[in-house]
Amino acid sequence: MARSRIIWQLYPSYLLIIVLSVLILAWYALDSQRRMFHDKTAADLHARAVLIENQVSNLLAAGDTTSVDPLCKRLGSGSSTRITIILPNGRVIGDSREDPTVMDNHATRPEISEALFSGRGVSTRYSNTLQNDLMYVALRSPAPDKGTATMVVRTSIEVSFINETLHAVRGNLLFAGLVVVLLAAIFSWFVSRRISRPLESLRQGARRFAEGDLNRRLPVGNSEEIGGLAEDMNRMAAQLDQRIRTITRQRSEQEAILSSLVEGVLAVDTDQKIISLNRTAARMLGIDPITAPGRTVQETIRNSDLHQFVLRSLSASEPIEDEIMLLGDEERLLRATGAVLSDSDGESIGGLIVLHDQTRLKQLENVRREFVANVSHELKSPITSIKGFVETLRDGALDNREDAHRFLDIILRQARRLNAIIDDLLTISRYEKESKEAPLALEQGEIREVIHAAVEACEVSARAGQIKIETECEHNLSARINPLQLERAIINLIDNGIKFSDSGSTVRVESSRDETEINITVFDNGPGIDKSHLPRLFERFYRVDKARSREMGGTGLGLAIVKHIALAHGGRVSVESTPGKGSRFSIHLPI
């Protein structure tokens, strides 16, 4: 149904009630006036009939009926009343206006019949004789001895003056009624507006509340009902505002907690549709956290193992765990924990999946395993060599002075190599410890001077390999450094370049500056390194060509030391290499 404003429901009702009330009052007033005039006129006619009755009775008592008609005409000529004398048989013997001899028998006239029966009759009707509406009052005059009627005295008068008077009164009442209706309509309009305006204000306020504007308050009127309703709505808005703020704060806290978790959290309903997820889960699974809610897991995530795990979590009676491998640009190993979500009544409403990214831990475990294997291998080789030659000396080679000296030289060389490995391991361990507990002591220093010192330290080995070292360093290039440690890192890079470069080639050392970093780069003309080895090149004991590295006396820890020294300076390392075209190792220091 079409709805209308309350003012158009109240105002027409008020107006209709007022109009009906005025019409009823007007009708009642007119009817009362009419009856009053009729009663007054009938009483007046009755009084006149009584006066005439006495005079006519005397004539009839004397037997003089011929004098009745002249008496009627004489009495009626001075007034507007018509007087008629009728015998009980209905014959007219006197009339103030007409000749009785030509008049009809009046025994059947209503007022005559009623008068003969009850003594008095009243009737208002149209007179064919006078061609007008008349009121008739008939009075029976009984015989004094027998109680029978001797005659009926009838008086009548035209009632047109009553209609005229009532018509005038009706006009006055109509005008007064219109004035009353007009005033009442205006008053009703203001009353309706006074009732509807606060309700309209309440409606607008409720709409603002529904739109979330709970800070504004509704005006409280002086009406008990509407004012009480406004107060209740204001109280409701204040409570809603407080509850919404509480819920919003709790939701923000929950979102902040979920967002700060390193674990991915995924909630699904019983139909496997995603209810919510945090940013970590979205990042792990590679999905959009905004569009994912409301869609099923199968639509959003392309991994059958995870689909099965979610299905098992929804039907499991206890929390379950499993490992899930995500395939993509890079493999991710996730440790998933699933549990059923229940409402306050203990009914299942979905499942909660917590994802732990085990990829880094797996990589670290692999690195640790490889490190242990590499350390064992690197230490085993010199120890095995030392052990073998010692046993050879004990078995008799000690008596051969020449072989004994040669074996002792090998044992000394292996011992030195073993010592170098241990020293490098201790150095790396010290750097890692200092980076966590106490930062490396840094001071403002010239990069050029550190590079020249490193080049001088490598001159002897370069000349031995017939390698030329070139430098190209910018002047006035300084940074916060530890000169000795930075020098050691550069020496390691230059030494690597010398070891892997062919005789007669050149190793070049450059320093430059860009917007955010100072770059120290060592170029060599060695065999180059395949791209697959570059990500792991700075790992401990990682070798591209293990046999050649050991032949050159390397410990496999030089580049790892370079990396830790760069990190201790707040910088980083990088490498670029092309097989057959040499390599480019860089240390990047912050300005």
# chains A, B, ... in the order shown; residues from 1 in each chain; ligands from 1
$ select_by_dssp --residues "region 117-178 of chain A" --states "alpha helix (DSSP H)" --output "list in words"
Phe117, Ser118, Ser160, Phe161, Ile162, Asn163, Glu164, Thr165, Leu166, His167, Ala168, Val169, Arg170, Gly171, Asn172, Leu173, Leu174, Phe175, Ala176, Gly177 and Leu178 of chain A
$ select_by_dssp --residues "region 236-442 of chain A" --states "strand (DSSP E or B)" --output "PyMOL selection string"
chain A and resi 264-269+273-277+296+320-326+332-342+348-357
$ residues_around --residues "Ile447 (chain A)" --least-positions-apart "6" --cutoff "9 Å" --atoms "only C-alpha atoms" --output "list in words"
Cys473, Glu474, His475, Asn476, Leu477, Ser478, Ala479, Ile481, Pro483, Ser511, Ile518 and Ile520 of chain A
$ closest_residue --among "A:Ser160, A:Gln485, A:Ser32, A:Thr506" --to "Val450 (chain A)" --atoms "only C-alpha atoms"
A:Gln485
$ atom_distance --atom1 "CA of Leu261 (chain A)" --atom2 "CA of Leu277 (chain A)"
11.5 Å
$ residues_around --residues "region 175-191 of chain A" --least-positions-apart "3" --cutoff "6 Å" --atoms "only C-alpha atoms" --output "mmCIF file with N, CA and C atoms, in the first residue's frame"
data_model
loop_
_atom_site.group_PDB
_atom_site.id
_atom_site.type_symbol
_atom_site.label_atom_id
_atom_site.label_comp_id
_atom_site.auth_asym_id
_atom_site.auth_seq_id
_atom_site.Cartn_x
_atom_site.Cartn_y
_atom_site.Cartn_z
ATOM 1 N N LEU A 15 -10.887 17.373 10.209
ATOM 2 C CA LEU A 15 -11.781 18.222 9.423
ATOM 3 C C LEU A 15 -13.132 17.541 9.205
ATOM 4 N N ASN A 172 -28.370 31.853 8.416
ATOM 5 C CA ASN A 172 -27.450 32.299 9.480
ATOM 6 C C ASN A 172 -26.615 31.139 10.021
ATOM 7 N N ARG A 194 1.443 20.305 14.815
ATOM 8 C CA ARG A 194 2.110 20.211 16.111
ATOM 9 C C ARG A 194 2.350 18.747 16.488
#
$ residues_around --residues "Arg170 (chain A)" --least-positions-apart "2" --cutoff "12 Å" --atoms "only C-alpha atoms" --output "list in words"
Leu23, Leu25, Ala26, Trp27, Tyr28, Ala29, Leu30, Asp31, Ser32, Gln33, Arg34, Ile162, Asn163, Glu164, Thr165, Leu166, His167, Ala168, Asn172, Leu173, Leu174, Phe175, Ala176 and Gly177 of chain A
$ residues_around --residues "Ala42 (chain A)" --least-positions-apart "3" --cutoff "10 Å" --atoms "only C-alpha atoms" --output "ChimeraX atom specification"
/A:36-39,45-48,121-124,135-138,155-157
$ write_last_selection --atoms "N, CA and C atoms" --output "JSON list (two decimals), in the first residue's frame"
[["chain", "number", "residue", "atom", "x", "y", "z"],
["A", 36, "MET", "N", -40.28, 24.22, 17.71],
["A", 36, "MET", "CA", -40.67, 25.31, 18.62],
["A", 36, "MET", "C", -41.73, 26.20, 17.96],
["A", 37, "PHE", "N", -41.49, 26.56, 16.70],
["A", 37, "PHE", "CA", -42.46, 27.41, 16.00],
["A", 37, "PHE", "C", -43.80, 26.69, 15.84],
["A", 38, "HIS", "N", -43.72, 25.40, 15.50],
["A", 38, "HIS", "CA", -44.98, 24.65, 15.32],
["A", 38, "HIS", "C", -45.74, 24.55, 16.64],
["A", 39, "ASP", "N", -45.00, 24.25, 17.72],
["A", 39, "ASP", "CA", -45.68, 24.14, 19.02],
["A", 39, "ASP", "C", -46.28, 25.48, 19.46],
["A", 45, "LEU", "N", -53.12, 28.91, 18.24],
["A", 45, "LEU", "CA", -54.37, 28.56, 17.58],
["A", 45, "LEU", "C", -55.35, 27.92, 18.57],
["A", 46, "HIS", "N", -54.81, 27.11, 19.49],
["A", 46, "HIS", "CA", -55.66, 26.48, 20.50],
["A", 46, "HIS", "C", -56.33, 27.55, 21.39],
["A", 47, "ALA", "N", -55.50, 28.54, 21.77],
["A", 47, "ALA", "CA", -56.05, 29.61, 22.62],
["A", 47, "ALA", "C", -57.15, 30.37, 21.89],
["A", 48, "ARG", "N", -56.95, 30.62, 20.63],
["A", 48, "ARG", "CA", -57.96, 31.35, 19.86],
["A", 48, "ARG", "C", -59.25, 30.50, 19.72],
["A", 121, "GLY", "N", -57.36, 18.14, 17.86],
["A", 121, "GLY", "CA", -56.63, 17.63, 16.70],
["A", 121, "GLY", "C", -55.78, 18.72, 16.08],
["A", 122, "VAL", "N", -54.56, 18.30, 15.66],
["A", 122, "VAL", "CA", -53.63, 19.25, 15.04],
["A", 122, "VAL", "C", -53.14, 18.62, 13.74],
["A", 123, "SER", "N", -53.09, 19.44, 12.71],
["A", 123, "SER", "CA", -52.63, 18.94, 11.41],
["A", 123, "SER", "C", -52.05, 20.10, 10.61],
["A", 124, "THR", "N", -51.03, 19.82, 9.87],
["A", 124, "THR", "CA", -50.43, 20.80, 8.95],
["A", 124, "THR", "C", -50.45, 20.17, 7.58],
["A", 135, "MET", "N", -51.65, 25.35, 9.11],
["A", 135, "MET", "CA", -51.68, 24.54, 10.32],
["A", 135, "MET", "C", -53.09, 24.66, 10.88],
["A", 136, "TYR", "N", -53.70, 23.48, 11.18],
["A", 136, "TYR", "CA", -55.06, 23.42, 11.67],
["A", 136, "TYR", "C", -55.03, 22.90, 13.10],
["A", 137, "VAL", "N", -55.82, 23.59, 13.96],
["A", 137, "VAL", "CA", -56.04, 23.11, 15.33],
["A", 137, "VAL", "C", -57.56, 23.05, 15.54],
["A", 138, "ALA", "N", -58.05, 21.82, 15.80],
["A", 138, "ALA", "CA", -59.51, 21.61, 15.96],
["A", 138, "ALA", "C", -59.78, 21.26, 17.41],
["A", 155, "THR", "N", -59.34, 26.38, 14.13],
["A", 155, "THR", "CA", -58.60, 27.60, 13.76],
["A", 155, "THR", "C", -57.39, 27.17, 12.93],
["A", 156, "SER", "N", -57.00, 27.99, 11.98],
["A", 156, "SER", "CA", -55.85, 27.66, 11.11],
["A", 156, "SER", "C", -55.13, 28.94, 10.73],
["A", 157, "ILE", "N", -53.90, 28.77, 10.37],
["A", 157, "ILE", "CA", -53.07, 29.90, 9.95],
["A", 157, "ILE", "C", -52.06, 29.40, 8.93]]
$ closest_residue --among "A:Arg120, A:Arg249, A:His356, A:Lys73" --to "Leu285 (chain A)" --atoms "only C-alpha atoms"
A:His356
$ atom_distance --atom1 "CA of Leu567 (chain A)" --atom2 "CA of Phe538 (chain A)"
12.2 Å
$ residues_around --residues "region 288-299 of chain A" --least-positions-apart "2" --cutoff "7 Å" --atoms "only C-alpha atoms" --output "list in words"
Gln272, Lys273, Ile274, Ile275, Ser276, Leu277, Arg279, Ala282, Ile301, Arg302 and His307 of chain A
$ decode --residues "region 122-140 of chain A" --atoms "N, CA and C atoms" --output "mmCIF file, in the first residue's frame"
data_model
loop_
_atom_site.group_PDB
_atom_site.id
_atom_site.type_symbol
_atom_site.label_atom_id
_atom_site.label_comp_id
_atom_site.auth_asym_id
_atom_site.auth_seq_id
_atom_site.Cartn_x
_atom_site.Cartn_y
_atom_site.Cartn_z
ATOM 1 N N VAL A 122 -54.557 18.300 15.662
ATOM 2 C CA VAL A 122 -53.626 19.250 15.043
ATOM 3 C C VAL A 122 -53.136 18.625 13.740
ATOM 4 N N SER A 123 -53.086 19.441 12.706
ATOM 5 C CA SER A 123 -52.630 18.941 11.411
ATOM 6 C C SER A 123 -52.051 20.097 10.609
ATOM 7 N N THR A 124 -51.027 19.818 9.872
ATOM 8 C CA THR A 124 -50.431 20.797 8.948
ATOM 9 C C THR A 124 -50.454 20.168 7.579
ATOM 10 N N ARG A 125 -51.109 20.830 6.618
ATOM 11 C CA ARG A 125 -51.226 20.257 5.283
ATOM 12 C C ARG A 125 -51.525 21.373 4.290
ATOM 13 N N TYR A 126 -51.538 20.955 3.050
ATOM 14 C CA TYR A 126 -51.817 21.892 1.967
ATOM 15 C C TYR A 126 -53.322 22.063 1.810
ATOM 16 N N SER A 127 -53.737 23.315 1.735
ATOM 17 C CA SER A 127 -55.167 23.627 1.586
ATOM 18 C C SER A 127 -55.478 23.865 0.121
ATOM 19 N N ASN A 128 -56.395 23.015 -0.408
ATOM 20 C CA ASN A 128 -56.805 23.215 -1.806
ATOM 21 C C ASN A 128 -57.643 24.479 -1.973
ATOM 22 N N THR A 129 -58.306 24.847 -0.871
ATOM 23 C CA THR A 129 -59.153 26.039 -0.945
ATOM 24 C C THR A 129 -58.335 27.309 -1.032
ATOM 25 N N LEU A 130 -57.307 27.394 -0.132
ATOM 26 C CA LEU A 130 -56.478 28.598 -0.094
ATOM 27 C C LEU A 130 -55.190 28.473 -0.896
ATOM 28 N N GLN A 131 -54.933 27.272 -1.413
ATOM 29 C CA GLN A 131 -53.735 27.052 -2.219
ATOM 30 C C GLN A 131 -52.467 27.424 -1.446
ATOM 31 N N ASN A 132 -52.362 26.900 -0.204
ATOM 32 C CA ASN A 132 -51.196 27.225 0.627
ATOM 33 C C ASN A 132 -51.125 26.194 1.744
ATOM 34 N N ASP A 133 -49.934 26.123 2.396
ATOM 35 C CA ASP A 133 -49.760 25.242 3.556
ATOM 36 C C ASP A 133 -50.327 25.931 4.786
ATOM 37 N N LEU A 134 -51.205 25.194 5.560
ATOM 38 C CA LEU A 134 -51.826 25.745 6.746
ATOM 39 C C LEU A 134 -51.661 24.773 7.905
ATOM 40 N N MET A 135 -51.648 25.351 9.109
ATOM 41 C CA MET A 135 -51.680 24.538 10.323
ATOM 42 C C MET A 135 -53.093 24.655 10.878
ATOM 43 N N TYR A 136 -53.697 23.481 11.176
ATOM 44 C CA TYR A 136 -55.055 23.418 11.669
ATOM 45 C C TYR A 136 -55.029 22.899 13.100
ATOM 46 N N VAL A 137 -55.823 23.585 13.962
ATOM 47 C CA VAL A 137 -56.038 23.108 15.331
ATOM 48 C C VAL A 137 -57.558 23.049 15.537
ATOM 49 N N ALA A 138 -58.048 21.816 15.795
ATOM 50 C CA ALA A 138 -59.508 21.609 15.961
ATOM 51 C C ALA A 138 -59.782 21.263 17.412
ATOM 52 N N LEU A 139 -60.851 21.901 17.978
ATOM 53 C CA LEU A 139 -61.194 21.697 19.392
ATOM 54 C C LEU A 139 -62.659 21.298 19.478
ATOM 55 N N ARG A 140 -62.896 20.130 20.082
ATOM 56 C CA ARG A 140 -64.275 19.649 20.208
ATOM 57 C C ARG A 140 -64.947 20.344 21.379
#
